[in-house]
file upload_27.cif (mmCIF, C-alpha atoms)
data_upload
loop_
_atom_site.label_atom_id
_atom_site.label_comp_id
_atom_site.auth_asym_id
_atom_site.auth_seq_id
_atom_site.Cartn_x
_atom_site.Cartn_y
_atom_site.Cartn_z
CA MET A 112 54.98 49.16 125.58
CA PRO A 113 55.63 47.91 122.00
CA ASP A 114 54.21 51.17 120.66
CA ARG A 115 56.81 53.46 122.13
CA PRO A 116 60.01 52.15 120.51
CA LEU A 117 58.13 52.08 117.22
CA SER A 118 57.20 55.73 117.42
CA ASN A 119 60.79 56.52 118.37
CA ILE A 120 61.96 54.82 115.23
CA ARG A 121 59.44 56.67 113.13
CA ARG A 122 60.69 59.91 114.52
CA LEU A 123 64.24 58.88 113.75
CA THR A 124 63.26 57.90 110.22
CA ILE A 125 61.75 61.29 109.59
CA ALA A 126 64.78 63.02 111.05
CA VAL A 127 67.22 61.03 108.92
CA ALA A 128 65.13 61.60 105.80
CA ALA A 129 65.07 65.34 106.45
CA PHE A 130 68.80 65.31 107.12
CA THR A 131 69.46 63.45 103.88
CA ALA A 132 67.33 65.89 101.92
CA PHE A 133 69.16 68.80 103.54
CA ILE A 134 72.57 67.49 102.62
CA VAL A 135 71.59 66.51 99.09
CA ILE A 136 70.03 69.90 98.44
CA GLY A 137 73.07 71.54 99.98
CA LEU A 138 75.49 69.67 97.76
CA LEU A 139 73.43 70.39 94.67
CA THR A 140 73.10 74.10 95.30
CA ILE A 141 76.78 74.75 96.07
CA GLY A 142 77.48 74.90 92.39
CA LYS A 143 81.08 74.77 91.36
CA PRO A 144 82.63 78.18 90.80
CA LYS A 145 83.63 78.67 87.19
CA PHE A 146 87.09 79.68 88.26
CA LYS A 147 88.82 78.44 91.32
CA TYR A 148 91.46 80.45 93.09
CA LYS A 149 94.55 78.33 93.53
CA VAL A 150 96.63 80.87 95.38
CA SER A 151 95.47 82.10 98.76
CA SER A 152 95.25 85.82 99.44
CA GLU A 153 98.15 85.58 101.89
CA ASP A 154 100.37 83.83 99.34
CA MET A 155 99.39 86.41 96.77
CA LEU A 156 100.43 89.18 99.13
CA SER A 157 103.86 87.65 99.66
CA GLN A 158 104.18 87.20 95.89
CA ILE A 159 103.54 90.90 95.46
CA MET A 160 106.06 91.79 98.13
CA LYS A 161 108.73 89.91 96.21
CA ALA A 162 108.12 92.29 93.30
CA ASP A 163 109.67 89.90 90.79
CA TYR A 164 106.70 90.16 88.48
CA LEU A 165 107.70 93.47 86.98
CA VAL A 166 109.36 93.93 83.61
CA SER A 167 111.02 97.32 83.34
CA PRO A 168 110.55 99.36 80.16
CA GLU A 169 114.23 98.91 79.33
CA ALA A 170 114.07 95.16 79.76
CA ALA A 171 111.00 95.10 77.55
CA LYS A 172 112.88 96.91 74.80
CA GLU A 173 115.67 94.36 74.99
CA LEU A 174 113.17 91.53 74.84
CA MET A 175 111.60 93.01 71.74
CA ALA A 176 114.95 93.57 70.05
CA GLY A 177 116.07 89.99 70.59
CA ASP A 178 114.15 87.18 68.90
CA ASN A 179 112.78 85.71 72.05
CA THR A 180 110.03 83.21 71.40
CA GLN A 181 109.70 82.39 75.06
CA VAL A 182 108.29 85.80 75.89
CA LYS A 183 105.09 87.19 74.48
CA PHE A 184 103.56 90.56 75.12
CA VAL A 185 99.84 90.68 75.74
CA ASP A 186 98.03 93.93 74.96
CA LEU A 187 95.03 94.28 77.26
CA ARG A 188 93.62 97.36 75.55
CA ASN A 189 90.69 97.23 73.18
CA LYS A 190 91.02 96.44 69.50
CA TYR A 191 90.76 100.05 68.45
CA ASP A 192 93.72 101.18 70.55
CA PHE A 193 95.62 98.07 69.57
CA ASN A 194 95.21 98.83 65.88
CA ILE A 195 96.43 102.37 66.34
CA GLY A 196 99.67 101.12 67.80
CA HIS A 197 101.04 98.29 69.87
CA LEU A 198 104.27 96.63 70.87
CA GLU A 199 105.90 94.49 68.26
CA GLY A 200 104.58 90.96 68.20
CA ALA A 201 102.02 91.58 70.92
CA LEU A 202 98.84 89.57 71.20
CA ASN A 203 95.66 91.56 71.63
CA ILE A 204 93.55 90.10 74.42
CA PRO A 205 91.25 92.82 75.75
CA ASN A 206 90.95 92.84 79.51
CA HIS A 207 87.41 91.47 79.74
CA THR A 208 88.15 88.50 77.44
CA LEU A 209 91.14 87.25 79.46
CA LEU A 210 89.22 84.43 81.11
CA GLU A 211 87.62 83.10 77.95
CA LYS A 212 88.34 79.47 77.28
CA ASP A 213 90.50 79.94 74.20
CA ASN A 214 92.72 82.37 76.02
CA LEU A 215 93.04 80.22 79.11
CA ASN A 216 94.01 77.28 76.93
CA LEU A 217 96.68 79.47 75.42
CA PHE A 218 98.01 80.38 78.85
CA GLU A 219 98.33 76.71 79.87
CA ASP A 220 101.61 76.61 77.98
CA THR A 221 103.97 77.44 80.81
CA SER A 222 107.06 77.47 78.61
CA ILE A 223 106.04 80.93 77.45
CA THR A 224 106.14 83.96 79.70
CA TYR A 225 103.39 86.43 79.02
CA VAL A 226 104.03 90.08 79.73
CA LEU A 227 100.80 91.97 80.31
CA TYR A 228 100.41 95.63 79.51
CA GLY A 229 97.68 98.22 79.21
CA GLN A 230 97.81 101.90 78.51
CA GLU A 231 98.98 102.69 82.03
CA HIS A 232 100.76 100.65 84.62
CA LEU A 233 97.69 99.95 86.71
CA ASP A 234 95.74 98.57 83.75
CA ALA A 235 97.78 95.38 83.79
CA ASN A 236 98.23 95.08 87.52
CA GLY A 237 94.72 93.88 88.38
CA PRO A 238 94.46 91.33 85.56
CA TRP A 239 97.87 89.99 86.54
CA MET A 240 96.68 89.52 90.11
CA VAL A 241 93.53 87.73 88.98
CA LEU A 242 95.47 85.34 86.74
CA ARG A 243 98.14 84.77 89.35
CA GLN A 244 95.53 83.88 91.95
CA LEU A 245 93.93 81.45 89.53
CA GLY A 246 97.27 79.66 89.42
CA TYR A 247 98.81 81.02 86.22
CA SER A 248 102.36 81.73 87.23
CA ASN A 249 103.84 82.51 83.81
CA PHE A 250 102.72 86.13 83.79
CA LYS A 251 104.53 89.38 84.32
CA VAL A 252 103.57 93.04 84.20
CA LEU A 253 105.17 95.63 81.96
CA GLN A 254 106.11 98.50 84.23
CA GLY A 255 104.50 101.76 83.20
CA GLY A 256 102.42 100.12 80.49
CA TYR A 257 102.28 101.20 76.88
CA ALA A 258 102.57 104.86 77.83
CA ALA A 259 106.01 104.31 79.36
CA GLN A 260 107.17 102.46 76.26
CA MET A 261 106.17 105.37 74.08
CA ALA A 262 107.52 108.13 76.30
CA ASP A 263 111.04 107.48 77.48
CA SER A 264 111.02 110.21 80.04
CA LEU A 265 108.10 108.80 82.00
CA ARG A 266 109.20 108.35 85.56
CA ILE A 267 108.80 104.98 87.16
CA THR A 268 109.39 104.90 90.87
CA GLY A 269 107.38 102.02 92.24
CA ASP A 270 106.11 103.18 95.57
CA ALA A 271 109.11 105.23 96.66
CA ALA A 272 108.33 108.74 97.78
CA ILE A 273 109.29 111.39 95.24
CA TYR A 274 108.62 114.40 97.43
CA ASP A 275 109.46 115.32 100.96
CA TYR A 276 105.93 115.88 102.20
CA THR A 277 106.82 117.53 105.47
CA SER A 278 108.99 120.20 103.87
CA ILE A 279 106.39 120.86 101.18
CA LEU A 280 103.74 121.26 103.84
CA LYS A 281 105.97 123.55 105.88
CA GLU A 282 106.66 125.64 102.80
CA ALA A 283 102.96 126.02 102.16
CA GLU A 284 102.30 126.73 105.81
CA LYS A 285 104.87 129.48 105.85
CA GLU A 286 103.55 131.02 102.68
CA ILE A 287 100.01 131.01 103.96
CA TYR A 288 101.07 132.29 107.35
CA ASP A 289 102.83 135.22 105.70
CA LEU A 290 99.80 135.86 103.55
CA GLN A 291 97.53 135.79 106.56
CA LYS A 292 99.81 138.15 108.43
CA VAL A 293 99.34 140.68 105.68
CA THR A 294 95.62 140.25 105.48
CA GLU A 295 94.92 139.89 109.13
CA ALA A 296 97.33 142.41 110.58
CA PRO A 297 94.62 144.47 112.24
CA PRO A 298 91.80 142.04 112.85
CA PRO A 299 88.74 144.25 112.64
CA PRO A 300 85.34 142.84 113.60
CA LYS A 301 83.74 141.35 110.55
CA PRO A 302 80.23 142.85 110.66
CA VAL A 303 81.59 146.35 110.70
CA LYS A 304 83.75 146.09 107.63
CA LYS A 305 80.99 145.34 105.17
CA LYS A 306 78.92 148.39 105.98
CA VAL A 307 81.80 150.74 105.98
CA VAL A 308 83.37 149.40 102.83
CA LYS A 309 80.26 149.86 100.78
CA VAL A 310 79.47 153.36 101.90
CA VAL A 311 82.76 155.13 101.99
CA PRO A 312 84.10 154.84 98.45
CA LYS A 313 80.98 156.55 97.09
CA LYS A 314 81.35 159.43 99.48
CA VAL A 315 84.92 159.91 98.51
CA VAL A 316 84.09 160.03 94.83
CA GLU A 317 81.26 162.47 95.33
CA GLU A 318 83.32 164.77 97.45
CA VAL A 319 86.17 164.72 95.02
CA GLU A 320 83.90 165.65 92.12
CA GLU A 321 82.41 168.49 94.03
CA GLU A 322 85.81 169.78 94.83
CA GLU A 323 86.82 169.65 91.21
CA GLY A 324 83.79 171.66 90.29
CA CYS A 325 85.04 174.37 92.60
CA MET B 104 60.87 38.95 120.83
CA SER B 105 61.60 39.02 117.11
CA LYS B 106 60.02 42.41 116.72
CA PRO B 107 62.29 44.23 119.16
CA PHE B 108 65.29 42.69 117.44
CA HIS B 109 64.03 43.84 114.05
CA ILE B 110 63.37 47.24 115.45
CA ARG B 111 66.81 47.40 116.91
CA LYS B 112 68.29 46.54 113.52
CA ARG B 113 66.45 49.36 111.85
CA TYR B 114 67.43 51.62 114.67
CA LEU B 115 71.08 50.79 114.19
CA PHE B 116 70.82 51.19 110.44
CA LEU B 117 69.32 54.64 110.75
CA MET B 118 71.96 55.63 113.28
CA ALA B 119 74.71 54.51 110.92
CA LEU B 120 73.12 56.38 108.05
CA ALA B 121 72.90 59.55 110.11
CA ILE B 122 76.56 59.27 111.08
CA ILE B 123 77.64 58.71 107.49
CA LEU B 124 75.58 61.63 106.30
CA SER B 125 76.99 63.87 108.97
CA GLY B 126 80.35 63.01 107.49
CA GLY B 127 79.07 64.69 104.35
CA LEU B 128 78.72 67.92 106.28
CA ILE B 129 82.47 68.16 106.47
CA PHE B 130 82.51 68.80 102.75
CA LEU B 131 79.72 71.35 102.81
CA PRO B 132 81.42 74.14 104.75
CA GLU B 133 84.76 73.63 103.05
CA ALA B 134 83.30 74.65 99.74
CA SER B 135 81.44 77.65 101.05
CA ASN B 136 82.97 79.00 104.24
CA THR B 137 85.18 81.50 102.46
CA LYS B 138 83.01 83.99 100.70
CA GLU B 139 84.87 85.02 97.62
CA LEU B 140 84.19 87.06 94.58
CA SER B 141 84.54 84.92 91.48
CA ALA B 142 87.51 85.67 89.27
CA ASP B 143 85.46 86.78 86.27
CA GLN B 144 83.45 89.13 88.46
CA LEU B 145 86.66 90.55 89.89
CA LEU B 146 88.03 91.10 86.41
CA LEU B 147 84.81 92.86 85.46
CA GLU B 148 85.12 95.18 88.45
CA LEU B 149 88.68 95.96 87.45
CA ASP B 150 87.37 97.23 84.13
CA ASP B 151 85.21 99.69 86.02
CA ASN B 152 86.93 102.83 87.23
CA THR B 153 84.56 103.71 90.06
CA ARG B 154 87.09 102.43 92.58
CA PHE B 155 89.34 105.39 91.86
CA MET B 156 89.07 108.64 93.75
CA THR B 157 90.99 111.62 92.47
CA VAL B 158 92.99 113.73 94.88
CA ASP B 159 90.45 116.48 94.32
CA ASP B 160 87.63 114.17 95.44
CA VAL B 161 89.58 113.26 98.55
CA ALA B 162 90.43 116.90 99.31
CA ASP B 163 86.74 117.82 99.03
CA LEU B 164 85.75 115.02 101.37
CA ILE B 165 88.34 116.04 103.96
CA ILE B 166 87.46 119.73 103.83
CA ASN B 167 83.77 118.99 104.10
CA GLN B 168 84.61 116.73 107.01
CA ASP B 169 82.69 113.84 105.52
CA PRO B 170 82.01 111.51 108.45
CA ALA B 171 81.99 108.48 106.15
CA LEU B 172 85.56 109.00 104.97
CA LEU B 173 88.31 106.80 106.33
CA LEU B 174 91.73 107.31 104.78
CA VAL B 175 93.99 104.30 105.01
CA ASP B 176 97.73 104.92 104.79
CA LEU B 177 99.41 101.83 103.37
CA ARG B 178 102.98 103.04 103.83
CA SER B 179 105.36 102.01 106.55
CA PRO B 180 104.76 103.26 110.11
CA GLU B 181 107.89 105.44 109.83
CA GLU B 182 106.62 107.19 106.75
CA TYR B 183 103.19 107.50 108.33
CA GLU B 184 104.65 109.16 111.39
CA GLN B 185 106.57 111.69 109.36
CA PHE B 186 103.61 112.73 107.31
CA SER B 187 100.09 111.47 106.94
CA MET B 188 96.86 112.85 105.68
CA GLU B 189 94.29 114.26 108.02
CA GLY B 190 92.47 111.52 109.94
CA ALA B 191 94.28 108.66 108.21
CA VAL B 192 94.89 105.33 109.91
CA ASN B 193 98.06 103.41 109.20
CA ILE B 194 97.76 99.87 107.89
CA PRO B 195 101.08 98.91 106.29
CA PHE B 196 100.51 97.08 103.01
CA GLU B 197 102.04 93.83 104.24
CA ASP B 198 99.51 93.76 107.11
CA ILE B 199 96.50 94.46 104.95
CA LEU B 200 95.07 90.96 105.38
CA ASN B 201 95.56 90.84 109.15
CA GLU B 202 92.28 90.32 110.92
CA GLU B 203 93.03 93.00 113.48
CA ASN B 204 92.53 95.57 110.74
CA ASP B 205 88.98 94.43 110.16
CA GLN B 206 87.89 96.90 112.81
CA TYR B 207 88.50 99.53 110.16
CA LEU B 208 88.21 97.66 106.88
CA LYS B 209 85.04 95.73 107.64
CA ARG B 210 83.07 98.83 108.54
CA VAL B 211 80.70 98.92 105.63
CA GLU B 212 79.40 102.41 106.34
CA LEU B 213 82.83 103.97 105.89
CA GLN B 214 84.41 104.82 102.57
CA LYS B 215 87.86 103.40 102.97
CA VAL B 216 90.28 105.19 100.67
CA PHE B 217 93.71 103.61 100.27
CA TYR B 218 96.71 105.78 99.60
CA ALA B 219 100.47 105.39 99.49
CA ASN B 220 103.28 107.24 97.76
CA ASN B 221 102.02 106.03 94.42
CA ASP B 222 98.82 104.16 93.61
CA GLU B 223 100.21 100.72 92.80
CA ILE B 224 100.03 99.11 96.22
CA SER B 225 96.70 100.78 96.91
CA GLU B 226 95.36 99.08 93.83
CA GLN B 227 96.87 95.76 94.87
CA ALA B 228 95.35 96.05 98.33
CA TRP B 229 92.05 96.79 96.65
CA VAL B 230 92.22 93.67 94.48
CA LEU B 231 93.23 91.48 97.43
CA LEU B 232 90.38 92.75 99.57
CA ARG B 233 87.79 92.75 96.83
CA ARG B 234 88.46 89.06 96.27
CA VAL B 235 87.32 88.39 99.83
CA GLU B 236 84.44 90.81 99.33
CA TYR B 237 85.31 93.80 101.42
CA GLN B 238 82.86 96.57 100.67
CA ASN B 239 83.16 100.27 100.05
CA ILE B 240 86.89 100.43 99.38
CA PHE B 241 88.59 102.91 97.07
CA VAL B 242 91.97 103.79 95.63
CA MET B 243 93.36 107.31 95.69
CA LYS B 244 94.55 107.70 92.13
CA GLY B 245 98.15 108.81 91.87
CA GLY B 246 98.76 108.57 95.62
CA LEU B 247 100.65 111.23 97.56
CA THR B 248 102.79 112.11 94.55
CA GLU B 249 99.69 113.32 92.76
CA TRP B 250 98.50 114.90 95.97
CA VAL B 251 101.60 117.07 96.08
CA GLU B 252 101.46 117.93 92.39
CA MET B 253 97.77 118.73 92.26
CA ILE B 254 96.90 120.10 95.68
CA MET B 255 100.09 121.31 97.35
CA LYS B 256 101.76 122.64 94.21
CA PRO B 257 98.98 123.29 91.72
CA VAL B 258 100.08 124.75 88.41
CA LYS B 259 98.26 127.90 87.47
CA PRO B 260 96.46 127.34 84.18
CA LEU B 261 97.20 129.71 81.34
CA GLU B 262 94.68 132.44 80.76
CA GLN B 263 93.39 130.89 77.57
CA TYR B 264 92.43 127.74 79.45
CA SER B 265 88.78 127.04 80.09
CA GLN B 266 86.77 128.43 82.96
CA THR B 267 86.55 124.98 84.56
CA ASP B 268 90.33 124.74 84.60
CA GLN B 269 90.53 128.10 86.33
CA GLU B 270 87.88 127.07 88.83
CA LEU B 271 89.66 123.80 89.51
CA TYR B 272 92.85 125.72 90.16
CA ASN B 273 91.03 128.03 92.53
CA ARG B 274 89.59 125.09 94.39
CA ARG B 275 92.98 123.48 94.66
CA MET B 276 94.54 126.65 95.99
CA ALA B 277 91.77 126.86 98.56
CA ALA B 278 92.35 123.24 99.51
CA ARG B 279 96.06 123.94 99.79
CA ARG B 280 95.36 126.80 102.14
CA TYR B 281 93.21 124.48 104.22
CA PHE B 282 95.83 121.75 104.45
CA ALA B 283 98.57 124.21 105.27
CA GLY B 284 96.68 125.29 108.35
CA GLY B 285 94.74 128.22 106.94
CA SER B 286 91.32 129.11 108.26
CA VAL B 287 88.81 126.30 108.23
CA GLU B 288 86.11 128.32 106.54
CA ILE B 289 87.27 128.28 103.01
CA GLN B 290 86.20 130.98 100.69
CA PRO B 291 88.00 130.09 97.49
CA ASP B 292 87.33 133.42 95.85
CA VAL B 293 88.59 135.33 98.82
CA PHE B 294 91.77 133.38 98.94
CA VAL B 295 92.74 132.77 95.39
CA LYS B 296 93.12 136.26 94.04
CA LYS B 297 95.95 137.83 95.88
CA GLN B 298 94.35 141.24 95.63
CA LYS B 299 91.72 140.01 98.01
CA PRO B 300 93.64 141.44 100.88
CA ALA B 301 91.97 144.46 99.31
CA PRO B 302 88.75 144.30 101.31
CA VAL B 303 90.77 144.34 104.46
CA ALA B 304 93.09 146.99 103.13
CA ALA B 305 90.06 148.99 102.11
CA LYS B 306 88.86 148.87 105.67
CA LYS B 307 92.10 150.39 106.80
CA LYS B 308 91.81 153.07 104.21
CA VAL B 309 88.24 153.63 105.18
CA LYS B 310 89.28 154.78 108.54
CA VAL B 311 92.06 156.82 107.11
CA ILE B 312 90.30 158.35 104.17
CA PRO B 313 87.87 160.63 105.96
CA LYS B 314 90.82 162.38 107.51
CA LYS B 315 92.56 162.58 104.20
CA VAL B 316 89.49 163.97 102.57
CA VAL B 317 89.27 166.58 105.21
CA GLU B 318 92.90 167.51 104.71
CA GLU B 319 92.52 167.62 100.97
CA VAL B 320 89.45 169.74 101.26
CA GLU B 321 91.31 172.15 103.41
CA GLU B 322 94.14 172.39 100.93
CA GLU B 323 91.78 172.99 98.06
CA GLU B 324 90.03 175.65 99.99
CA GLY B 325 93.35 177.32 100.44
CA CYS B 326 93.64 177.37 96.66
#
call {"tool": "encode", "arguments": {"input": "upload_27.cif", "output": "structure tokens"}}
result
Amino acid sequence: MPDRPLSNIRRLTIAVAAFTAFIVIGLLTIGKPKFKYKVSSEDMLSQIMKADYLVSPEAAKELMAGDNTQVKFVDLRNKYDFNIGHLEGALNIPNHTLLEKDNLNLFEDTSITYVLYGQEHLDANGPWMVLRQLGYSNFKVLQGGYAAQMADSLRITGDAAIYDYTSILKEAEKEIYDLQKVTEAPPPPKPVKKKVVKVVPKKVVEEVEEEEGC
Amino acid sequence: MSKPFHIRKRYLFLMALAIILSGGLIFLPEASNTKELSADQLLLELDDNTRFMTVDDVADLIINQDPALLLVDLRSPEEYEQFSMEGAVNIPFEDILNEENDQYLKRVELQKVFYANNDEISEQAWVLLRRVEYQNIFVMKGGLTEWVEMIMKPVKPLEQYSQTDQELYNRRMAARRYFAGGSVEIQPDVFVKKQKPAPVAAKKKVKVIPKKVVEEVEEEEGC
């Protein structure tokens, strides 16, 4: 009788020890992520829907003309492109170096608004989303990127439709229907056409030559 | 009698320890239940352009009826109803994170290609979903605007342009024919040159010519 409760306790001891080891190992192997997202995906989505993160090319020009120390442009392109030409007063922080410590320290200063731009609009969009989700809220995106700043005529439409797809499709359908009507007017069986086509022209030529000889 | 009491004490101690430790479990899943791509990894992927599909790539996949292609239309349901690409499903951008869409988006074997009027929201959907590690997702570069300009209204390259430009134009014209309801079997060469009605026309002539030849021969004989 005294043996049984003892063995029960031994079993419990082993179980608790294993449990402890499991939890300790678990906690140790989690490893803290280097960067922690502070904005949930859902919040990020509603941020995007607000669309207040965009700086239009015109607004950017005004910002550059005025001596605004609260706004800084950040050029995400590589050094080479940056040296060829960049917006006045822009910092050069190539895309892949954005999350380096020095840069993140720089971004801590929330009194300054950073306007990101790359060559094209999309080049700054992703980095902006990454930074925004990490909790940096003092960032904006230059609409159209560097290309739009250089070329005034570049169209910027957001996601509004430029074309009427249905009418374009109908146009093409009509054109192709007309074309097919011409080509398919008498639909002859396909196997026949090949044989005939190859043979006949030769005959015609031969006959004509013979006739000329006459 | 002292032994059972001692045993009971140990028993209670171990029980308490187990309960406390189980409390630790609460913290374990919190840190790891959401599988997320780390921010630096996400930024690295953004530097890589393999997520983009050109409209030509997409047209090829549609025409070849690639079974792994799933086009995802991110525009509003109204826009989707008016016009959508062949076989596309409609997931409005604001609903992109809804779990009900996982039936499409979580299917790893499918290449999910996002498109909208432009490519901005497709890219944003891509970033949002990549963060929570959705696989095999792509962005149609330029969106439907580019689709219209490249496929539905291709600009004929000048004659001095390279062969590849000419071939690309031919392929686009063939794709255009396909999307406008032309025959499914695409023979770019047949379609592109407008003289190609010739083979058919030749057939017509073929039947006619023998008669003509006979007539001509008769005339010449008269001479």
call {"tool": "interface_residues", "arguments": {"input": "upload_27.cif", "of": "chain A", "to": "chain B", "cutoff": "7 Å", "atoms": "all atoms listed in the file", "output": "number ranges by chain"}}
result
A: 120, 124, 127, 131, 138, 146, 152, 207, 210, 233, 237-238, 241, 270-274, 276-277, 280, 283-284, 287, 294, 304, 308, 311
call {"tool": "residues_near_point", "arguments": {"input": "upload_27.cif", "point": "(99.8, 84.6, 74.0)", "cutoff": "10 Å", "atoms": "all atoms listed in the file", "output": "ChimeraX atom specification"}}
result
/A:182-186,200-204,214-220,223-227
call {"tool": "atom_distance", "arguments": {"input": "upload_27.cif", "atom1": "atom CA of Gly245 of chain B", "atom2": "atom CA of Glu203 of chain B"}}
result
27.3 Å
call {"tool": "atom_distance", "arguments": {"input": "upload_27.cif", "atom1": "atom CA of Pro257 of chain B", "atom2": "atom CA of Asp163 of chain B"}}
result
15.3 Å
call {"tool": "residues_near_point", "arguments": {"input": "upload_27.cif", "point": "(109.8, 78.5, 83.5)", "cutoff": "10 Å", "atoms": "all atoms listed in the file", "output": "list in words"}}
result
Gln181, Thr221, Ser222, Ile223, Thr224, Ser248 and Asn249 of chain A
call {"tool": "atom_distance", "arguments": {"input": "upload_27.cif", "atom1": "atom CA of Leu242 of chain A", "atom2": "atom CA of Tyr148 of chain A"}}
result
9.0 Å
call {"tool": "closest_residue", "arguments": {"input": "upload_27.cif", "among": "B:Thr157, B:Gln168, B:Gln263, B:Gln238", "to": "Tyr207 of chain B", "atoms": "all atoms listed in the file"}}
result
B:Gln238
call {"tool": "residues_around", "arguments": {"input": "upload_27.cif", "residues": "Asp163 of chain A", "least_positions_apart": "5", "cutoff": "10 Å", "atoms": "all atoms listed in the file", "output": "list in words"}}
result
Gln158, Lys251 and Val252 of chain A
call {"tool": "residues_around", "arguments": {"input": "upload_27.cif", "residues": "Val258 of chain B", "least_positions_apart": "4", "cutoff": "12 Å", "atoms": "all atoms listed in the file", "output": "number ranges by chain"}}
result
B: 251-254, 268-269, 271-273, 275-276
call {"tool": "resolve_selection", "arguments": {"input": "upload_27.cif", "expression": "the PyMOL selection byres ((chain B and resi 169) around 12)", "output": "ChimeraX atom specification"}}
result
/B:160-168,170-174,189-190,212-215
call {"tool": "decode", "arguments": {"input": "upload_27.cif", "residues": "segment 230-242 of chain B", "atoms": "N, CA and C atoms", "output": "PDB file, in the first residue's frame"}}
result
ATOM      1  N   VAL B 230       1.484  42.911 -50.880  1.00  0.00           N
ATOM      2  CA  VAL B 230       2.287  43.155 -49.673  1.00  0.00           C
ATOM      3  C   VAL B 230       1.529  42.695 -48.426  1.00  0.00           C
ATOM      4  N   LEU B 231       0.230  43.029 -48.385  1.00  0.00           N
ATOM      5  CA  LEU B 231      -0.569  42.632 -47.218  1.00  0.00           C
ATOM      6  C   LEU B 231      -0.583  41.115 -47.052  1.00  0.00           C
ATOM      7  N   LEU B 232      -0.750  40.409 -48.161  1.00  0.00           N
ATOM      8  CA  LEU B 232      -0.875  38.960 -48.074  1.00  0.00           C
ATOM      9  C   LEU B 232       0.475  38.269 -47.915  1.00  0.00           C
ATOM     10  N   ARG B 233       1.501  38.876 -48.449  1.00  0.00           N
ATOM     11  CA  ARG B 233       2.836  38.285 -48.264  1.00  0.00           C
ATOM     12  C   ARG B 233       3.235  38.358 -46.798  1.00  0.00           C
ATOM     13  N   ARG B 234       2.843  39.428 -46.122  1.00  0.00           N
ATOM     14  CA  ARG B 234       3.187  39.545 -44.707  1.00  0.00           C
ATOM     15  C   ARG B 234       2.649  38.348 -43.935  1.00  0.00           C
ATOM     16  N   VAL B 235       1.450  37.893 -44.244  1.00  0.00           N
ATOM     17  CA  VAL B 235       0.901  36.727 -43.565  1.00  0.00           C
ATOM     18  C   VAL B 235       1.145  35.451 -44.371  1.00  0.00           C
ATOM     19  N   GLU B 236       2.173  35.518 -45.206  1.00  0.00           N
ATOM     20  CA  GLU B 236       2.732  34.341 -45.874  1.00  0.00           C
ATOM     21  C   GLU B 236       1.778  33.579 -46.774  1.00  0.00           C
ATOM     22  N   TYR B 237       1.028  34.291 -47.580  1.00  0.00           N
ATOM     23  CA  TYR B 237       0.301  33.618 -48.649  1.00  0.00           C
ATOM     24  C   TYR B 237       1.313  33.302 -49.749  1.00  0.00           C
ATOM     25  N   GLN B 238       1.113  32.148 -50.376  1.00  0.00           N
ATOM     26  CA  GLN B 238       2.084  31.688 -51.357  1.00  0.00           C
ATOM     27  C   GLN B 238       1.569  31.880 -52.773  1.00  0.00           C
ATOM     28  N   ASN B 239       2.526  31.945 -53.696  1.00  0.00           N
ATOM     29  CA  ASN B 239       2.184  31.876 -55.114  1.00  0.00           C
ATOM     30  C   ASN B 239       1.233  32.987 -55.561  1.00  0.00           C
ATOM     31  N   ILE B 240       1.502  34.211 -55.120  1.00  0.00           N
ATOM     32  CA  ILE B 240       0.671  35.336 -55.542  1.00  0.00           C
ATOM     33  C   ILE B 240       1.495  36.288 -56.413  1.00  0.00           C
ATOM     34  N   PHE B 241       0.810  36.907 -57.372  1.00  0.00           N
ATOM     35  CA  PHE B 241       1.488  37.739 -58.357  1.00  0.00           C
ATOM     36  C   PHE B 241       0.706  39.025 -58.614  1.00  0.00           C
ATOM     37  N   VAL B 242       1.374  39.967 -59.241  1.00  0.00           N
ATOM     38  CA  VAL B 242       0.764  41.245 -59.571  1.00  0.00           C
ATOM     39  C   VAL B 242       0.828  41.422 -61.083  1.00  0.00           C
TER      40      VAL B 242
END
